[in-house]
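K.L.:
Handing you this structure, nothing more for now.
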Amino acid sequence: MFKFAHPEFLYGLLVIPLLVGLFYYSLAKKSKRLKRLGDKKMLAMLMPNVSHWRPRVKFYILLVAIALSVFMMAGPQFGSKLEKIKRTGVELVLAVDVSNSMLAEDVSPSRMDRTKHLLSRLIDELKDDKVALLVFAGESDVHMPMTVDGSSAKLYLNSIHPGMLAVQGTDIASALQLSMGLFSQSKETSKSIIVITDGENHDGDAIAMAKQVVEKGITVNVMGVGTAQGAPIPIAGTSNFRRDKDGNVVVTKLNEQMCQEVASAGNGVYMHVDNSVTAVNQLKEELDKLEKTEMEQMVYTEYNEQYDVIGWIVFVLLLLEVLLLERKNPLFKNFKLF
């Protein structure tokens, strides 16, 4: 696997065609001035030590050195290997409600966007913890298995959206049941499920399932998104809102009581998500209370910085450019390299 650590430096290659243009412009100007002085063959006889090719060779050497220097600053990396790493942390499953009601905008900019922003901040804080991502509505689906790769977790998080599951509703019980299978078999590792939902159109017996989760040594924390006043559900790509069978605009409200009951049954805490960062800080405090244990995982890692090899090549080219004189050396006049 090949990649650049800092690909933005590659924009420096844009200076190469500019330098080539300036060089040949200067040669054209020089050629015009020489023509005014007389015939080229006569001038060559009058200036036997002047070389036609040496300035060009020096320029090309310098040009290659500049290009390689740009590549070196971009940080070329090559190779990948499967490596066992050890971390001290906990295992978390983020269960995200993706029902259509998460489109409501009673929390800015919307319940779903606010959820993504909150979880993105949380993932940034999870330096040594494992995390899995699950989405649910009237059914549940594993969106990302347990991993220590925070960057991948954020990519998967950004790809979720309301309506991605065909069956609508808010079946927290199925989400909790599916979440249990995402944890490792280690009894020493602390485990927690974080449910992010508005709790509306609740299906299934979430409280009973939360109690079963606790029996497995797993806690359930619930984050409620939305407000008690609620808001209509916009229809994507239009200025209209969802309506019921009688034609009335549907107003979705946060079912805070149900969220609190599930958190209580899951031996966890309930947090209300608003437009502040309070919920993130509160959740982080709760997770910090969990006992952190040493965990092993096989991960692919990039390695082998290649800039040192390029650096030596640049050094040799610059040294050659300095040693190569533009004029012919009288000591080597019989040596026809150029």
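Residues in the structure tokens are named by chain (A, B, ... in the order shown) and by number from 1 within that chain; ligands are numbered from 1 in the order shown.
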Show me a table, sorted first by chain and then by increasing residue number, of the residues of region 201-295 of chain A having an atom at most 12 Å from region 175-185 of chain A, each with its shortest atom pair and the distance in Å to one decimal, counting only C-alpha atoms and written as JSON lines.

P.N.:
```
{"residue": "A:Asp203", "atom": "CA", "partner": "A:Ala175", "partner_atom": "CA", "distance": 11.0}
{"residue": "A:Gly204", "atom": "CA", "partner": "A:Ala175", "partner_atom": "CA", "distance": 10.2}
{"residue": "A:Asp205", "atom": "CA", "partner": "A:Leu176", "partner_atom": "CA", "distance": 10.5}
{"residue": "A:Ala206", "atom": "CA", "partner": "A:Leu176", "partner_atom": "CA", "distance": 7.8}
{"residue": "A:Ile207", "atom": "CA", "partner": "A:Leu176", "partner_atom": "CA", "distance": 10.0}
{"residue": "A:Ala208", "atom": "CA", "partner": "A:Leu176", "partner_atom": "CA", "distance": 10.4}
{"residue": "A:Met209", "atom": "CA", "partner": "A:Leu176", "partner_atom": "CA", "distance": 6.8}
{"residue": "A:Ala210", "atom": "CA", "partner": "A:Leu176", "partner_atom": "CA", "distance": 7.0}
{"residue": "A:Lys211", "atom": "CA", "partner": "A:Leu176", "partner_atom": "CA", "distance": 10.2}
{"residue": "A:Gln212", "atom": "CA", "partner": "A:Gln177", "partner_atom": "CA", "distance": 8.8}
{"residue": "A:Val213", "atom": "CA", "partner": "A:Met180", "partner_atom": "CA", "distance": 7.2}
{"residue": "A:Val214", "atom": "CA", "partner": "A:Met180", "partner_atom": "CA", "distance": 10.3}
{"residue": "A:Glu215", "atom": "CA", "partner": "A:Met180", "partner_atom": "CA", "distance": 11.1}
{"residue": "A:Lys216", "atom": "CA", "partner": "A:Met180", "partner_atom": "CA", "distance": 8.3}
{"residue": "A:Gly217", "atom": "CA", "partner": "A:Met180", "partner_atom": "CA", "distance": 10.2}
{"residue": "A:Ile218", "atom": "CA", "partner": "A:Met180", "partner_atom": "CA", "distance": 8.2}
{"residue": "A:Thr219", "atom": "CA", "partner": "A:Leu176", "partner_atom": "CA", "distance": 10.5}
{"residue": "A:Val220", "atom": "CA", "partner": "A:Leu176", "partner_atom": "CA", "distance": 8.5}
{"residue": "A:Asn221", "atom": "CA", "partner": "A:Leu176", "partner_atom": "CA", "distance": 11.0}
{"residue": "A:Val222", "atom": "CA", "partner": "A:Leu176", "partner_atom": "CA", "distance": 11.3}
{"residue": "A:Val262", "atom": "CA", "partner": "A:Leu176", "partner_atom": "CA", "distance": 10.5}
{"residue": "A:Ala263", "atom": "CA", "partner": "A:Leu176", "partner_atom": "CA", "distance": 11.7}
{"residue": "A:Gly266", "atom": "CA", "partner": "A:Leu176", "partner_atom": "CA", "distance": 10.0}
{"residue": "A:Met295", "atom": "CA", "partner": "A:Ser184", "partner_atom": "CA", "distance": 9.9}
```

K.L.:
Can you tell me, as a list in words, which residues in region 236-319 of chain A count as strand (DSSP E) by DSSP?

P.N.:
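Checking each residue of region 236-319 of chain A, the strand (DSSP E) ones are Val251, Thr252, Tyr270, Met271, His272, Val273, Thr293, Glu294, Met295, Glu296, Gln297, Met298, Val299, Tyr300, Thr301 and Glu302 of chain A.
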
K.L.:
I need the chosen residues saved as a compact mmCIF listing (two decimals), in the first residue's frame, with N, CA, C and O atoms.

P.N.:
```
# COMPACT_ATOMS: atom_id res chain seq x y z
N VAL A 251 -46.56 15.68 14.07
CA VAL A 251 -45.59 16.34 14.95
C VAL A 251 -44.95 15.28 15.83
O VAL A 251 -45.63 14.58 16.58
N THR A 252 -43.63 15.13 15.70
CA THR A 252 -42.91 14.13 16.48
C THR A 252 -42.32 14.77 17.74
O THR A 252 -41.74 15.86 17.68
N TYR A 270 -29.59 8.48 31.71
CA TYR A 270 -30.26 9.14 30.60
C TYR A 270 -29.70 10.55 30.45
O TYR A 270 -29.51 11.26 31.43
N MET A 271 -29.45 10.96 29.20
CA MET A 271 -28.94 12.30 28.93
C MET A 271 -29.78 12.92 27.82
O MET A 271 -30.07 12.26 26.82
N HIS A 272 -30.14 14.17 28.01
CA HIS A 272 -30.91 14.88 26.99
C HIS A 272 -29.96 15.62 26.06
O HIS A 272 -29.09 16.37 26.51
N VAL A 273 -30.11 15.40 24.75
CA VAL A 273 -29.27 16.05 23.76
C VAL A 273 -29.94 17.33 23.29
O VAL A 273 -31.03 17.31 22.73
N THR A 293 -9.74 -2.11 30.83
CA THR A 293 -8.91 -3.30 30.84
C THR A 293 -8.07 -3.35 29.56
O THR A 293 -8.36 -2.68 28.58
N GLU A 294 -7.03 -4.20 29.59
CA GLU A 294 -6.17 -4.34 28.42
C GLU A 294 -6.84 -5.22 27.38
O GLU A 294 -7.31 -6.32 27.69
N MET A 295 -6.89 -4.73 26.12
CA MET A 295 -7.52 -5.46 25.03
C MET A 295 -6.54 -5.61 23.88
O MET A 295 -5.72 -4.73 23.63
N GLU A 296 -6.63 -6.74 23.20
CA GLU A 296 -5.79 -6.99 22.02
C GLU A 296 -6.64 -6.98 20.77
O GLU A 296 -7.78 -7.41 20.78
N GLN A 297 -6.05 -6.49 19.67
CA GLN A 297 -6.74 -6.53 18.38
C GLN A 297 -5.72 -6.52 17.27
O GLN A 297 -4.69 -5.85 17.34
N MET A 298 -6.02 -7.29 16.20
CA MET A 298 -5.18 -7.31 15.02
C MET A 298 -5.63 -6.20 14.08
O MET A 298 -6.81 -6.13 13.71
N VAL A 299 -4.72 -5.30 13.72
CA VAL A 299 -5.06 -4.19 12.84
C VAL A 299 -4.00 -4.06 11.75
O VAL A 299 -2.86 -4.47 11.91
N TYR A 300 -4.40 -3.49 10.63
CA TYR A 300 -3.47 -3.17 9.55
C TYR A 300 -2.86 -1.80 9.83
O TYR A 300 -3.57 -0.84 10.11
N THR A 301 -1.54 -1.73 9.76
CA THR A 301 -0.87 -0.47 10.00
C THR A 301 0.03 -0.13 8.82
O THR A 301 0.64 -1.02 8.21
N GLU A 302 0.10 1.15 8.47
CA GLU A 302 1.03 1.60 7.45
C GLU A 302 2.38 1.87 8.09
O GLU A 302 2.46 2.26 9.25
```

K.L.:
Which value, in Å to one decimal, gives the distance between CA of Leu126 (chain A) and CA of Leu283 (chain A)?

P.N.:
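If I compute the distance from CA of Leu126 (chain A) to CA of Leu283 (chain A), I get 11.6 Å.
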
K.L.:
For Ser140 (chain A), which residue among A:Leu118, A:Leu157, A:Met164, A:Leu68 is the nearest when counting only C-alpha atoms?

P.N.:
A:Met164

K.L.:
Point out the residue among A:Pro17, A:Gly237, A:Gly224, A:Pro232 with the least atom-to-atom distance to Asn100 (chain A), counting only C-alpha atoms.

P.N.:
A:Pro232

K.L.:
I need the residue nearest Thr197 (chain A) from this list: A:Leu122, A:Val250, A:Ile235, A:Ala95. Use only C-alpha atoms for the distance.

P.N.:
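Checking each candidate against Thr197 (chain A), we get A:Ala95 as the closest.
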
K.L.:
Give me, as a PyMOL selection string, the residues of region 61-177 of chain A that a backbone DSSP run labels alpha helix (DSSP H).

P.N.:
chain A and resi 61-73+111-125+150-158+172-177

K.L.:
Which distance in Å separates CA of Met112 (chain A) and CA of Phe241 (chain A), to one decimal?

P.N.:
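Between CA of Met112 (chain A) and CA of Phe241 (chain A) the gap is 16.4 Å.
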
K.L.:
Could you state the separation of CA of Val131 (chain A) and CA of Val167 (chain A) in Å, given to one decimal place?

P.N.:
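Atom-to-atom, CA of Val131 (chain A) and CA of Val167 (chain A) are spaced 25.2 Å apart.
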
K.L.:
Do you know which residues are at most 7 Å from Lys292 (chain A) counting only C-alpha atoms, after dropping those on the same chain fewer than 4 positions away, and could you put them as a count of residues only?

P.N.:
4

K.L.:
Can you tell me which residues surround region 308-317 of chain A at a distance of at most 10 Å, considering only C-alpha atoms, apart from same-chain residues fewer than 6 positions away, and format the answer as a CSV table (one decimal) with C-alpha atoms, in the first residue's frame?

P.N.:
```csv
chain,number,residue,atom,x,y,z
A,58,LYS,CA,22.6,21.4,-14.7
A,60,TYR,CA,17.5,19.3,-15.6
A,61,ILE,CA,19.4,17.9,-12.6
A,62,LEU,CA,18.2,20.8,-10.4
A,63,LEU,CA,14.6,20.3,-11.8
A,64,VAL,CA,14.6,16.6,-10.8
A,65,ALA,CA,16.0,17.5,-7.4
A,66,ILE,CA,13.2,20.0,-6.8
A,67,ALA,CA,10.5,17.5,-7.9
A,68,LEU,CA,12.0,14.8,-5.6
A,69,SER,CA,12.1,17.3,-2.7
A,71,PHE,CA,7.7,14.2,-3.0
A,72,MET,CA,9.9,14.0,0.1
A,73,MET,CA,8.0,16.8,1.9
A,75,GLY,CA,5.9,12.1,3.2
A,76,PRO,CA,5.8,9.0,1.0
A,323,LEU,CA,30.4,20.1,-9.3
```
